file structure04.txt (compact mmCIF, C-alpha atoms (C1' of nucleotides))
# COMPACT_ATOMS: atom_id res chain seq x y z
CA MET I 28 28.92 -11.32 6.06
CA THR I 29 27.45 -11.90 2.62
CA GLU I 30 27.16 -15.61 3.11
CA ASN I 31 26.16 -17.95 0.34
CA GLN I 32 29.05 -20.39 0.27
CA PRO I 33 29.66 -22.68 3.28
CA LYS I 34 32.24 -20.48 4.96
CA LYS I 35 34.02 -17.98 2.78
CA PRO I 36 32.33 -15.88 0.16
CA SER I 37 35.96 -14.75 0.03
CA LYS I 38 36.86 -11.88 -2.19
CA SER I 39 39.73 -12.79 -4.39
CA ASP I 40 39.83 -16.41 -5.09
CA ARG I 41 38.28 -15.00 -8.20
CA THR I 42 41.94 -14.55 -9.03
CA ARG I 43 42.37 -18.23 -8.35
CA ALA I 44 39.52 -18.97 -10.73
CA GLN I 45 40.97 -16.66 -13.36
CA ILE I 46 44.31 -18.43 -13.20
CA LEU I 47 42.65 -21.83 -13.37
CA GLU I 48 40.53 -20.81 -16.36
CA ALA I 49 43.55 -19.42 -18.18
CA ALA I 50 45.51 -22.56 -17.39
CA ARG I 51 42.74 -24.84 -18.66
CA LEU I 52 42.54 -22.85 -21.88
CA LEU I 53 46.28 -22.91 -22.56
CA PHE I 54 46.86 -26.49 -21.42
CA ALA I 55 44.04 -27.61 -23.72
CA GLU I 56 45.50 -25.63 -26.60
CA HIS I 57 49.24 -26.23 -26.27
CA GLY I 58 49.70 -29.06 -23.78
CA TYR I 59 51.70 -29.22 -20.57
CA ASP I 60 55.08 -28.39 -22.08
CA GLY I 61 53.76 -25.86 -24.55
CA ALA I 62 52.00 -23.72 -21.98
CA SER I 63 54.41 -21.97 -19.62
CA ILE I 64 53.50 -20.45 -16.28
CA ARG I 65 54.37 -17.08 -17.76
CA ASP I 66 51.90 -17.71 -20.57
CA VAL I 67 49.19 -18.61 -18.08
CA ALA I 68 49.94 -15.50 -16.06
CA ALA I 69 49.78 -13.31 -19.14
CA GLN I 70 46.48 -14.90 -20.20
CA ALA I 71 45.10 -14.17 -16.73
CA SER I 72 46.58 -10.63 -16.74
CA ILE I 73 48.52 -11.35 -13.61
CA ASP I 74 52.04 -11.75 -12.32
CA PRO I 75 53.73 -15.13 -12.89
CA ALA I 76 54.60 -15.28 -9.19
CA MET I 77 50.89 -15.25 -8.32
CA VAL I 78 50.40 -18.49 -10.20
CA ILE I 79 52.90 -20.19 -7.91
CA ARG I 80 51.42 -18.45 -4.87
CA TYR I 81 47.91 -19.77 -5.53
CA PHE I 82 48.97 -23.16 -6.84
CA ARG I 83 52.18 -24.43 -5.37
CA SER I 84 53.80 -25.56 -8.61
CA LYS I 85 53.12 -26.07 -12.30
CA ASP I 86 52.46 -29.74 -11.67
CA GLU I 87 49.84 -28.91 -9.06
CA LEU I 88 48.27 -26.33 -11.35
CA PHE I 89 48.07 -28.92 -14.10
CA ALA I 90 46.57 -31.44 -11.72
CA ARG I 91 43.88 -28.90 -10.75
CA ALA I 92 43.24 -28.05 -14.40
CA ALA I 93 43.09 -31.63 -15.64
CA VAL I 94 39.94 -32.61 -13.78
CA VAL I 95 37.47 -34.60 -15.83
CA ASP I 96 33.98 -35.74 -14.99
CA LEU I 97 32.28 -37.36 -17.94
CA GLN I 98 29.01 -37.62 -16.01
CA LEU I 99 28.35 -41.06 -17.38
CA PRO I 100 26.88 -42.73 -14.26
CA ALA I 101 23.46 -41.53 -15.37
CA LEU I 102 23.80 -43.94 -18.28
CA ARG I 103 23.72 -46.94 -16.01
CA VAL I 104 20.04 -47.32 -16.50
CA ILE I 105 20.05 -47.39 -20.27
CA ASP I 106 18.76 -50.09 -22.53
CA ARG I 107 21.54 -52.05 -24.11
CA THR I 108 20.06 -51.71 -27.56
CA ALA I 109 20.98 -48.01 -27.74
CA ILE I 110 24.19 -47.90 -25.71
CA GLY I 111 26.27 -47.07 -28.79
CA GLU I 112 24.19 -44.09 -29.82
CA THR I 113 23.98 -42.90 -26.24
CA LEU I 114 27.73 -43.02 -25.83
CA ILE I 115 28.52 -41.13 -29.01
CA ARG I 116 25.91 -38.48 -28.21
CA ARG I 117 27.43 -37.96 -24.79
CA PHE I 118 30.84 -37.82 -26.42
CA LEU I 119 29.73 -34.95 -28.64
CA GLU I 120 28.29 -33.09 -25.67
CA ILE I 121 31.49 -33.50 -23.71
CA TRP I 122 33.66 -32.20 -26.52
CA GLU I 123 31.40 -29.60 -28.11
CA GLY I 124 28.69 -28.87 -25.57
CA PRO I 125 28.67 -25.53 -23.75
CA ALA I 126 28.65 -26.98 -20.25
CA SER I 127 31.60 -29.33 -20.33
CA GLY I 128 35.03 -27.82 -19.89
CA PRO I 129 38.18 -28.62 -21.83
CA GLY I 130 39.21 -31.30 -19.36
CA MET I 131 39.44 -34.09 -21.90
CA ALA I 132 41.37 -31.90 -24.34
CA ILE I 133 43.83 -31.05 -21.59
CA LEU I 134 44.44 -34.70 -20.80
CA LEU I 135 44.59 -35.91 -24.38
CA ARG I 136 46.86 -33.08 -25.49
CA SER I 137 49.47 -33.93 -22.88
CA ALA I 138 49.01 -37.68 -22.41
CA THR I 139 51.50 -38.57 -25.13
CA SER I 140 54.44 -36.87 -23.44
CA ASN I 141 53.37 -36.44 -19.81
CA GLU I 142 53.07 -39.53 -17.66
CA PHE I 143 50.80 -37.86 -15.13
CA ALA I 144 48.33 -36.94 -17.85
CA ALA I 145 48.57 -40.44 -19.27
CA GLU I 146 47.83 -42.01 -15.90
CA LYS I 147 44.94 -39.61 -15.36
CA LEU I 148 43.51 -40.52 -18.75
CA ARG I 149 43.81 -44.23 -17.96
CA ASP I 150 41.94 -43.51 -14.75
CA VAL I 151 39.13 -41.79 -16.63
CA PHE I 152 38.55 -44.76 -18.88
CA GLY I 153 39.03 -47.23 -16.05
CA ASN I 154 36.78 -45.52 -13.54
CA GLN I 155 34.24 -43.80 -15.73
CA VAL I 156 33.97 -45.56 -19.09
CA ARG I 157 34.46 -49.11 -17.94
CA PRO I 158 31.69 -49.11 -15.31
CA VAL I 159 29.17 -47.99 -17.91
CA VAL I 160 30.17 -50.79 -20.27
CA ALA I 161 30.18 -53.23 -17.39
CA ALA I 162 26.58 -52.29 -16.65
CA VAL I 163 25.34 -53.39 -20.07
CA ALA I 164 27.72 -56.26 -20.85
CA ASP I 165 29.16 -59.32 -19.19
CA PRO I 166 31.41 -57.83 -16.49
CA ALA I 167 34.06 -60.38 -17.41
CA ASP I 168 34.33 -58.79 -20.85
CA ALA I 169 33.91 -55.23 -19.63
CA GLY I 170 37.61 -54.49 -19.69
CA ARG I 171 38.19 -55.43 -23.30
CA ARG I 172 34.90 -53.92 -24.44
CA ALA I 173 35.60 -50.63 -22.66
CA GLY I 174 39.06 -50.63 -24.18
CA LEU I 175 37.65 -51.02 -27.67
CA VAL I 176 35.10 -48.28 -27.04
CA SER I 177 37.85 -46.05 -25.72
CA SER I 178 40.04 -46.68 -28.74
CA GLN I 179 37.33 -45.48 -31.08
CA LEU I 180 36.28 -42.48 -29.00
CA LEU I 181 39.84 -41.43 -28.33
CA GLY I 182 40.76 -41.78 -31.98
CA LEU I 183 37.78 -39.72 -33.02
CA ALA I 184 38.74 -37.01 -30.53
CA MET I 185 42.32 -37.05 -31.77
CA CYS I 186 41.32 -36.71 -35.42
CA ARG I 187 38.55 -34.19 -34.96
CA TYR I 188 39.71 -31.91 -32.13
CA LEU I 189 43.48 -32.19 -31.82
CA LEU I 190 44.83 -33.28 -35.18
CA ARG I 191 41.93 -31.59 -36.96
CA LEU I 192 41.90 -34.00 -39.88
CA PRO I 193 39.75 -32.12 -42.42
CA PRO I 194 37.33 -34.92 -43.43
CA VAL I 195 36.74 -35.76 -39.77
CA VAL I 196 36.24 -32.13 -38.82
CA ALA I 197 33.71 -31.85 -41.63
CA LEU I 198 31.49 -34.60 -40.24
CA SER I 199 28.17 -33.41 -38.89
CA HIS I 200 26.85 -34.63 -35.57
CA ASP I 201 24.30 -36.81 -37.33
CA GLU I 202 26.93 -38.34 -39.55
CA ILE I 203 29.14 -39.09 -36.55
CA ILE I 204 26.24 -40.71 -34.72
CA GLN I 205 25.33 -42.74 -37.76
CA CYS I 206 28.90 -43.88 -38.48
CA ILE I 207 30.42 -44.32 -35.03
CA GLY I 208 27.32 -45.30 -33.05
CA PRO I 209 27.01 -48.82 -34.50
CA THR I 210 30.72 -49.41 -33.91
CA LEU I 211 30.38 -48.55 -30.22
CA GLN I 212 27.23 -50.62 -30.02
CA ARG I 213 29.09 -53.64 -31.32
CA TYR I 214 32.09 -53.07 -29.08
CA ALA I 215 29.90 -52.71 -26.01
CA VAL I 216 27.43 -55.57 -26.44
CA GLY I 217 28.13 -57.25 -29.79
CA GLU I 218 28.19 -61.02 -29.63
CA ASP I 219 31.03 -61.43 -32.10
CA VAL I 220 33.36 -59.47 -29.83
CA SER I 221 34.69 -62.53 -28.07
CA MET R 24 87.38 -46.90 -54.53
CA THR R 25 85.06 -49.45 -52.92
CA GLU R 26 82.12 -48.27 -54.90
CA ASN R 27 78.62 -49.49 -54.22
CA GLN R 28 76.80 -46.24 -53.57
CA PRO R 29 76.53 -43.67 -56.37
CA LYS R 30 79.46 -41.54 -55.25
CA LYS R 31 80.50 -41.87 -51.65
CA PRO R 32 80.94 -45.11 -49.80
CA SER R 33 81.93 -42.48 -47.22
CA LYS R 34 83.35 -43.54 -43.95
CA SER R 35 81.57 -41.82 -41.14
CA ASP R 36 78.07 -41.07 -42.02
CA ARG R 37 77.72 -44.07 -39.85
CA THR R 38 77.81 -41.37 -37.21
CA ARG R 39 74.97 -39.73 -39.03
CA ALA R 40 73.05 -42.98 -38.95
CA GLN R 41 73.79 -43.46 -35.26
CA ILE R 42 72.47 -40.02 -34.46
CA LEU R 43 69.37 -40.60 -36.55
CA GLU R 44 68.70 -43.94 -34.91
CA ALA R 45 69.12 -42.46 -31.44
CA ALA R 46 66.85 -39.58 -32.37
CA ARG R 47 64.14 -41.88 -33.72
CA LEU R 48 64.27 -43.95 -30.54
CA LEU R 49 64.02 -40.98 -28.19
CA PHE R 50 61.51 -39.01 -30.25
CA ALA R 51 59.29 -42.09 -30.36
CA GLU R 52 59.61 -42.57 -26.61
CA HIS R 53 59.41 -39.03 -25.27
CA GLY R 54 58.20 -36.81 -28.10
CA TYR R 55 59.75 -33.70 -29.63
CA ASP R 56 59.84 -31.62 -26.47
CA GLY R 57 60.76 -34.49 -24.18
CA ALA R 58 63.83 -35.54 -26.13
CA SER R 59 66.60 -32.96 -26.00
CA ILE R 60 69.54 -32.79 -28.35
CA ARG R 61 71.76 -33.58 -25.40
CA ASP R 62 69.71 -36.71 -24.76
CA VAL R 63 70.06 -37.79 -28.37
CA ALA R 64 73.80 -37.14 -28.25
CA ALA R 65 74.16 -39.18 -25.08
CA GLN R 66 72.13 -42.03 -26.58
CA ALA R 67 74.44 -41.98 -29.60
CA SER R 68 77.56 -41.69 -27.38
CA ILE R 69 78.57 -38.51 -29.11
CA ASP R 70 79.00 -34.81 -28.50
CA PRO R 71 75.86 -32.64 -28.64
CA ALA R 72 77.57 -30.31 -31.07
CA MET R 73 77.89 -33.15 -33.56
CA VAL R 74 74.14 -33.49 -33.72
CA ILE R 75 73.89 -29.91 -34.93
CA ARG R 76 76.84 -30.40 -37.27
CA TYR R 77 75.26 -33.34 -39.06
CA PHE R 78 71.70 -32.04 -38.94
CA ARG R 79 71.44 -28.28 -38.99
CA SER R 80 68.93 -27.92 -36.18
CA LYS R 81 66.63 -29.91 -33.92
CA ASP R 82 63.73 -29.19 -36.26
CA GLU R 83 65.63 -30.63 -39.20
CA LEU R 84 66.69 -33.66 -37.16
CA PHE R 85 63.06 -34.26 -36.24
CA ALA R 86 62.01 -33.87 -39.85
CA ARG R 87 64.57 -36.49 -40.88
CA ALA R 88 63.50 -38.80 -38.06
CA ALA R 89 59.76 -38.46 -38.67
CA VAL R 90 59.72 -40.16 -42.05
CA VAL R 91 56.87 -42.60 -42.54
CA ASP R 92 56.15 -44.98 -45.37
CA LEU R 93 53.21 -47.22 -44.62
CA GLN R 94 53.83 -49.20 -47.83
CA LEU R 95 50.13 -49.39 -48.53
CA PRO R 96 50.17 -48.92 -52.31
CA ALA R 97 50.52 -52.68 -52.67
CA LEU R 98 47.01 -52.93 -51.29
CA ARG R 99 45.53 -51.25 -54.33
CA VAL R 100 44.82 -54.56 -55.91
CA ILE R 101 42.89 -56.05 -53.06
CA ASP R 102 39.38 -57.37 -53.07
CA ARG R 103 37.00 -55.06 -51.29
CA THR R 104 35.54 -57.89 -49.24
CA ALA R 105 38.70 -58.16 -47.13
CA ILE R 106 39.92 -54.58 -47.04
CA GLY R 107 39.17 -54.27 -43.31
CA GLU R 108 41.18 -57.31 -42.33
CA THR R 109 43.98 -56.36 -44.69
CA LEU R 110 44.22 -52.88 -43.19
CA ILE R 111 44.33 -54.03 -39.57
CA ARG R 112 46.93 -56.71 -40.39
CA ARG R 113 49.10 -54.11 -42.06
CA PHE R 114 48.57 -51.85 -39.04
CA LEU R 115 49.92 -54.52 -36.70
CA GLU R 116 52.93 -55.07 -38.94
CA ILE R 117 53.68 -51.36 -39.01
CA TRP R 118 53.51 -50.99 -35.24
CA GLU R 119 54.90 -54.32 -34.08
CA GLY R 120 56.67 -55.85 -37.04
CA PRO R 121 60.47 -56.00 -37.10
CA ALA R 122 60.95 -54.18 -40.37
CA SER R 123 58.98 -51.02 -39.83
CA GLY R 124 60.65 -48.26 -37.85
CA PRO R 125 59.13 -46.11 -35.13
CA GLY R 126 58.04 -43.46 -37.62
CA MET R 127 54.38 -43.54 -36.70
CA ALA R 128 55.15 -43.48 -32.99
CA ILE R 129 57.35 -40.44 -33.52
CA LEU R 130 54.60 -38.58 -35.32
CA LEU R 131 51.78 -39.60 -33.02
CA ARG R 132 53.78 -38.87 -29.87
CA SER R 133 54.43 -35.29 -30.93
CA ALA R 134 51.40 -34.47 -33.06
CA THR R 135 49.37 -33.18 -30.12
CA SER R 136 51.80 -30.40 -29.25
CA ASN R 137 53.92 -29.94 -32.38
CA GLU R 138 52.29 -28.46 -35.44
CA PHE R 139 54.90 -29.85 -37.81
CA ALA R 140 54.26 -33.37 -36.58
CA ALA R 141 50.52 -32.80 -36.83
CA GLU R 142 50.80 -31.61 -40.42
CA LYS R 143 53.03 -34.55 -41.26
CA LEU R 144 50.52 -36.94 -39.76
CA ARG R 145 47.70 -35.34 -41.75
CA ASP R 146 49.85 -35.84 -44.83
CA VAL R 147 50.30 -39.53 -44.08
CA PHE R 148 46.58 -40.15 -43.89
CA GLY R 149 45.85 -37.86 -46.82
CA ASN R 150 48.49 -39.26 -49.15
CA GLN R 151 48.81 -42.85 -48.01
CA VAL R 152 45.59 -44.00 -46.30
CA ARG R 153 43.09 -42.13 -48.40
CA PRO R 154 44.29 -43.43 -51.79
CA VAL R 155 43.87 -47.00 -50.59
CA VAL R 156 40.34 -46.35 -49.44
CA ALA R 157 39.62 -44.48 -52.64
CA ALA R 158 40.66 -47.56 -54.58
CA VAL R 159 37.97 -49.74 -53.05
CA ALA R 160 35.17 -47.22 -52.45
CA ASP R 161 33.41 -44.44 -54.27
CA PRO R 162 36.12 -41.77 -54.62
CA ALA R 163 33.56 -39.15 -53.66
CA ASP R 164 33.25 -40.76 -50.24
CA ALA R 165 36.93 -41.62 -49.91
CA GLY R 166 37.68 -38.62 -47.74
CA ARG R 167 35.11 -39.35 -45.07
CA ARG R 168 35.73 -43.11 -45.20
CA ALA R 169 39.48 -42.66 -44.86
CA GLY R 170 38.88 -40.28 -41.99
CA LEU R 171 36.77 -42.84 -40.17
CA VAL R 172 39.34 -45.56 -40.79
CA SER R 173 42.05 -43.23 -39.51
CA SER R 174 40.10 -42.40 -36.38
CA GLN R 175 39.88 -46.07 -35.42
CA LEU R 176 43.46 -46.92 -36.30
CA LEU R 177 44.85 -43.84 -34.63
CA GLY R 178 42.78 -44.45 -31.52
CA LEU R 179 43.93 -48.04 -31.35
CA ALA R 180 47.55 -46.92 -31.65
CA MET R 181 47.03 -44.32 -28.96
CA CYS R 182 45.49 -46.78 -26.52
CA ARG R 183 47.82 -49.70 -27.21
CA TYR R 184 51.22 -48.15 -27.86
CA LEU R 185 51.30 -44.67 -26.35
CA LEU R 186 48.73 -44.57 -23.55
CA ARG R 187 49.20 -48.29 -22.93
CA LEU R 188 45.68 -48.87 -21.70
CA PRO R 189 45.97 -52.31 -20.06
CA PRO R 190 42.94 -54.04 -21.62
CA VAL R 191 43.99 -52.81 -25.07
CA VAL R 192 47.59 -53.85 -24.54
CA ALA R 193 46.36 -57.29 -23.52
CA LEU R 194 44.56 -57.87 -26.81
CA SER R 195 46.14 -60.53 -29.01
CA HIS R 196 46.66 -59.98 -32.70
CA ASP R 197 43.81 -62.33 -33.52
CA GLU R 198 41.48 -60.53 -31.16
CA ILE R 199 42.40 -57.18 -32.66
CA ILE R 200 41.79 -58.49 -36.17
CA GLN R 201 38.47 -59.98 -35.13
CA CYS R 202 37.27 -56.86 -33.28
CA ILE R 203 38.67 -54.00 -35.36
CA GLY R 204 38.66 -55.60 -38.79
CA PRO R 205 34.88 -55.50 -39.29
CA THR R 206 34.82 -51.87 -38.16
CA LEU R 207 37.37 -50.88 -40.78
CA GLN R 208 35.53 -52.98 -43.36
CA ARG R 209 32.35 -51.07 -42.71
CA TYR R 210 34.07 -47.70 -42.68
CA ALA R 211 35.82 -48.43 -45.97
CA VAL R 212 33.03 -49.96 -48.03
CA GLY R 213 29.93 -50.28 -45.82
CA GLU R 214 26.72 -49.15 -47.48
CA ASP R 215 25.27 -47.56 -44.35
CA VAL R 216 28.18 -45.15 -44.13
CA SER R 217 26.44 -42.43 -46.09
C1' DT K 22 106.40 -37.39 -45.20
C1' DC K 23 103.44 -33.46 -45.30
C1' DC K 24 99.48 -30.83 -45.75
C1' DA K 25 94.55 -30.17 -46.09
C1' DT K 26 90.18 -31.84 -45.21
C1' DT K 27 87.39 -34.16 -42.24
C1' DT K 28 85.93 -35.45 -37.63
C1' DG K 29 85.44 -34.76 -32.94
C1' DT K 30 85.95 -31.93 -28.30
C1' DC K 31 85.14 -28.24 -25.30
C1' DA K 32 83.34 -24.17 -23.27
C1' DA K 33 80.34 -20.83 -23.55
C1' DC K 34 76.42 -17.72 -25.48
C1' DG K 35 71.69 -16.13 -24.97
C1' DA K 36 67.07 -17.46 -24.20
C1' DT K 37 63.48 -19.53 -21.57
C1' DC K 38 61.89 -22.07 -17.95
C1' DG K 39 59.97 -22.96 -12.89
C1' DT K 40 60.54 -21.01 -8.68
C1' DT K 41 61.80 -17.94 -4.73
C1' DG K 42 62.15 -14.08 -1.55
C1' DA K 43 61.97 -9.33 -0.47
C1' DC K 44 59.26 -5.60 -1.05
C1' DT K 45 55.03 -2.51 -1.69
C1' DT K 46 50.22 -1.84 -2.01
C1' DT K 47 45.52 -2.76 -0.74
C1' DC K 48 42.00 -4.12 2.17
C1' DT K 49 39.77 -5.19 6.59
C1' DA K 50 38.71 -5.47 11.39
C1' DA K 51 39.12 -3.50 15.94
C1' DT O 4 42.48 5.84 12.76
C1' DT O 5 45.55 2.26 12.89
C1' DA O 6 47.75 -2.13 13.02
C1' DG O 7 47.99 -6.49 10.65
C1' DA O 8 46.91 -9.63 7.23
C1' DA O 9 46.13 -10.36 2.48
C1' DA O 10 47.09 -9.44 -2.37
C1' DG O 11 50.11 -8.06 -5.79
C1' DT O 12 54.84 -6.44 -7.80
C1' DC O 13 59.53 -6.94 -8.95
C1' DA O 14 64.00 -8.77 -9.71
C1' DA O 15 66.66 -12.42 -9.59
C1' DC O 16 68.26 -17.48 -8.76
C1' DG O 17 69.70 -21.83 -10.87
C1' DA O 18 68.74 -25.12 -14.31
C1' DT O 19 68.09 -26.58 -18.97
C1' DC O 20 67.65 -25.74 -23.58
C1' DG O 21 69.31 -25.06 -28.75
C1' DT O 22 73.09 -23.35 -30.86
C1' DT O 23 77.77 -21.50 -31.95
C1' DG O 24 82.69 -20.92 -32.60
C1' DA O 25 87.37 -21.83 -31.45
C1' DC O 26 90.34 -25.46 -31.14
C1' DA O 27 92.50 -30.35 -31.17
C1' DA O 28 92.78 -34.94 -33.21
C1' DA O 29 92.47 -38.04 -36.93
C1' DT O 30 92.53 -39.21 -41.59
C1' DG O 31 93.92 -39.69 -46.33
C1' DG O 32 95.80 -38.42 -50.79
C1' DA O 33 100.08 -36.03 -52.89

call {"tool": "encode", "arguments": {"input": "structure04.txt", "output": "C-alpha cells"}}
result
Amino acid sequence: MTENQPKKPSKSDRTRAQILEAARLLFAEHGYDGASIRDVAAQASIDPAMVIRYFRSKDELFARAAVVDLQLPALRVIDRTAIGETLIRRFLEIWEGPASGPGMAILLRSATSNEFAAEKLRDVFGNQVRPVVAAVADPADAGRRAGLVSSQLLGLAMCRYLLRLPPVVALSHDEIIQCIGPTLQRYAVGEDVS
Amino acid sequence: MTENQPKKPSKSDRTRAQILEAARLLFAEHGYDGASIRDVAAQASIDPAMVIRYFRSKDELFARAAVVDLQLPALRVIDRTAIGETLIRRFLEIWEGPASGPGMAILLRSATSNEFAAEKLRDVFGNQVRPVVAAVADPADAGRRAGLVSSQLLGLAMCRYLLRLPPVVALSHDEIIQCIGPTLQRYAVGEDVS
DNA sequence: TCCATTTGTCAACGATCGTTGACTTTCTAA
DNA sequence: TTAGAAAGTCAACGATCGTTGACAAATGGA
C-alpha cells in the first residue's frame, strides 16, 4: 500500500479528476446548456459514458463542478477603514489569481438560465459575502450592504470576464482598486447608506 | 383602402406581433436556449411552423426580439452635477416602467452563453451609454467611465431582476437612488477616477 | 361566383442531447 | 496462474430541438 490519503491512494480517480477539470473548464466557458456531456468527454479524452459512470448525471456533474469557496472568513479581522480595498483585491485574486478555480465563472455563466446555478450563487453571497460585511457593519444593515457590494462585484465580473466589455477589460488592477474600492467601502460601512 | 401605414394596413401581421411578443416574454424569462420555438408558438397559441414562416429562423426571431433603445440621448443636455441620479432614475424606468419592453432582460439573460446577445449588449453600452457619459466628462475618459457605470448598472440588474437576490429585490426606488446614484455620479464625472 | 393569394395545419426530417446496458479489456489479489 | 472486480468501449434508446414541405382552409379582388 502506497498510503498517503486516508484510505485509498486509488489509481484511477485521476480519471474522475480529469473529467471534473474538463467540466469546470467547459462550464465556465460555455455555461450549463452550452457544454454537453459529449464535449466534456472529448475535452477529457474519454468516452461520454464514463462521465455518467463517474458522476451520475449532468446535473450532478455540474453540482460537483460549481463549488465555490471565496475564502473570505480570513477577512473577519480586518479594520473597517480598508474593507473596500480588501474586498476588491480579493475579488481580483479570485478571478485572476492562479490558485482559485473557475468556480465563480461557472456559476455566473449559468445563473441567468439555470435555477440551480442561480440558487447556488445566492448562497455564495448569502453565506460568504454577507458574513464579512456583517462583521464590519451594523448586522441589521448587513443584508442590504452585502447586496450592494454584490451588485458591484457581480457587475464588474460580468463586464470584465463574461461580457468582456473592452474598456473594462482594459482596466489595470490598480485602476480597478482605485475606482471600485471606494464604492465597496461606502456600500459596506458608509454612513449615507441608510 | 383604410390607409394609415405607408402601404399595408395589412390584416394579419397581428400574428407577427403576437409571435414577437410571446418571444420577447419567453426570451426574457428563460433566455435563448431555454425558450424553444415550440414554447414561443404555444405562448402565442399558434403552430410552431408559423414562427419560422414569419421569422426565418430562431436566430432571426431572437434578433428581432432583442431590440433595445434606452432613449438616453435626451440626457445629453443635463447638468453634470445630477448625472448619477438621472442615470439611475432612467435605469429604474427602463427595467420597471410600463413603457419600456423587456429588451434589456432579453439581452442580459442570454449574453452569458450567446455570443450574439453579448455583442448586442456591448453595442448598447458602446453606442448608447458611452455617448451620454462622453457628453458630461472628458471624452478621453468616456470609455473607462462608461465601463464603470455599466458595471454597476449591469450588476444591479443582475442581482435585482435576474438573480433576484432578496436584499437587492427588497430595495425601494428611493433607496436605490440614494445608494447607487452617488456611485454613478463619481464614475461619470468624479475627479478621483483617473 | 370563381380563382389566386394568403394564412394556417400537420407530419415528418435530421441532428443533438442525456442516458443506458451489454460487452470487452485491463488490472489486481489470492 | 487464474478468477473476479474495475475500467473502458460501443451502439443504441427515447426525447427534444430547429426546420421543412405538402396540404387544407380562409380570404379577397375580378

call {"tool": "interface_residues", "arguments": {"input": "structure04.txt", "of": "chain I", "to": "chain K", "cutoff": "12 Å", "atoms": "all atoms listed in the file", "output": "list in words"}}
result
Lys38, Ser39, Asp60, Gly61, Ala62, Ser63, Ile64, Arg65, Asp66, Pro75, Ala76, Met77, Val78, Ile79, Arg80, Phe82, Arg83, Ser84, Lys85 and Asp86 of chain I

call {"tool": "residues_around", "arguments": {"input": "structure04.txt", "residues": "stretch 171-178 of chain I", "least_positions_apart": "6", "cutoff": "10 Å", "atoms": "all atoms listed in the file", "output": "PyMOL selection string"}}
result
(chain I and resi 111+114-115+149+152-153+155-161+164-165+184+210-217+220-221) or (chain R and resi 174-183+188-194+198-199+202-203)

call {"tool": "atom_distance", "arguments": {"input": "structure04.txt", "atom1": "atom CA of R:Arg113", "atom2": "atom CA of I:Thr139"}}
result
23.1 Å

call {"tool": "residues_around", "arguments": {"input": "structure04.txt", "residues": "I:Gly128", "least_positions_apart": "5", "cutoff": "10 Å", "atoms": "only C-alpha atoms (C1' of nucleotides)", "output": "list of chain:residue names"}}
result
I:Glu48, I:Arg51, I:Leu52, I:Ala55, I:Ala92, I:Ala93, I:Val94, I:Val95, I:Asp96, I:Ile121, I:Trp122, I:Glu123, I:Ile133

call {"tool": "atom_distance", "arguments": {"input": "structure04.txt", "atom1": "atom CA of I:Leu134", "atom2": "atom CA of R:Tyr55"}}
result
17.7 Å

call {"tool": "interface_residues", "arguments": {"input": "structure04.txt", "of": "chain O", "to": "chain R", "cutoff": "12 Å", "atoms": "only C-alpha atoms (C1' of nucleotides)", "output": "ChimeraX atom specification"}}
result
/O:19-24,30-31

call {"tool": "closest_residue", "arguments": {"input": "structure04.txt", "among": "I:Asp201, I:Phe118, I:Gly208, I:Arg136", "to": "chain R", "atoms": "all atoms listed in the file"}}
result
I:Arg136

call {"tool": "atom_distance", "arguments": {"input": "structure04.txt", "atom1": "atom CA of R:Val63", "atom2": "atom CA of R:Ala45"}}
result
5.7 Å

call {"tool": "closest_residue", "arguments": {"input": "structure04.txt", "among": "I:Leu135, I:Val151, I:Leu189, I:Ala69", "to": "I:Leu97", "atoms": "only C-alpha atoms"}}
result
I:Val151

call {"tool": "closest_residue", "arguments": {"input": "structure04.txt", "among": "I:Gly170, I:Ser140, I:Phe89, I:Lys147", "to": "R:Leu49", "atoms": "only C-alpha atoms"}}
result
I:Ser140
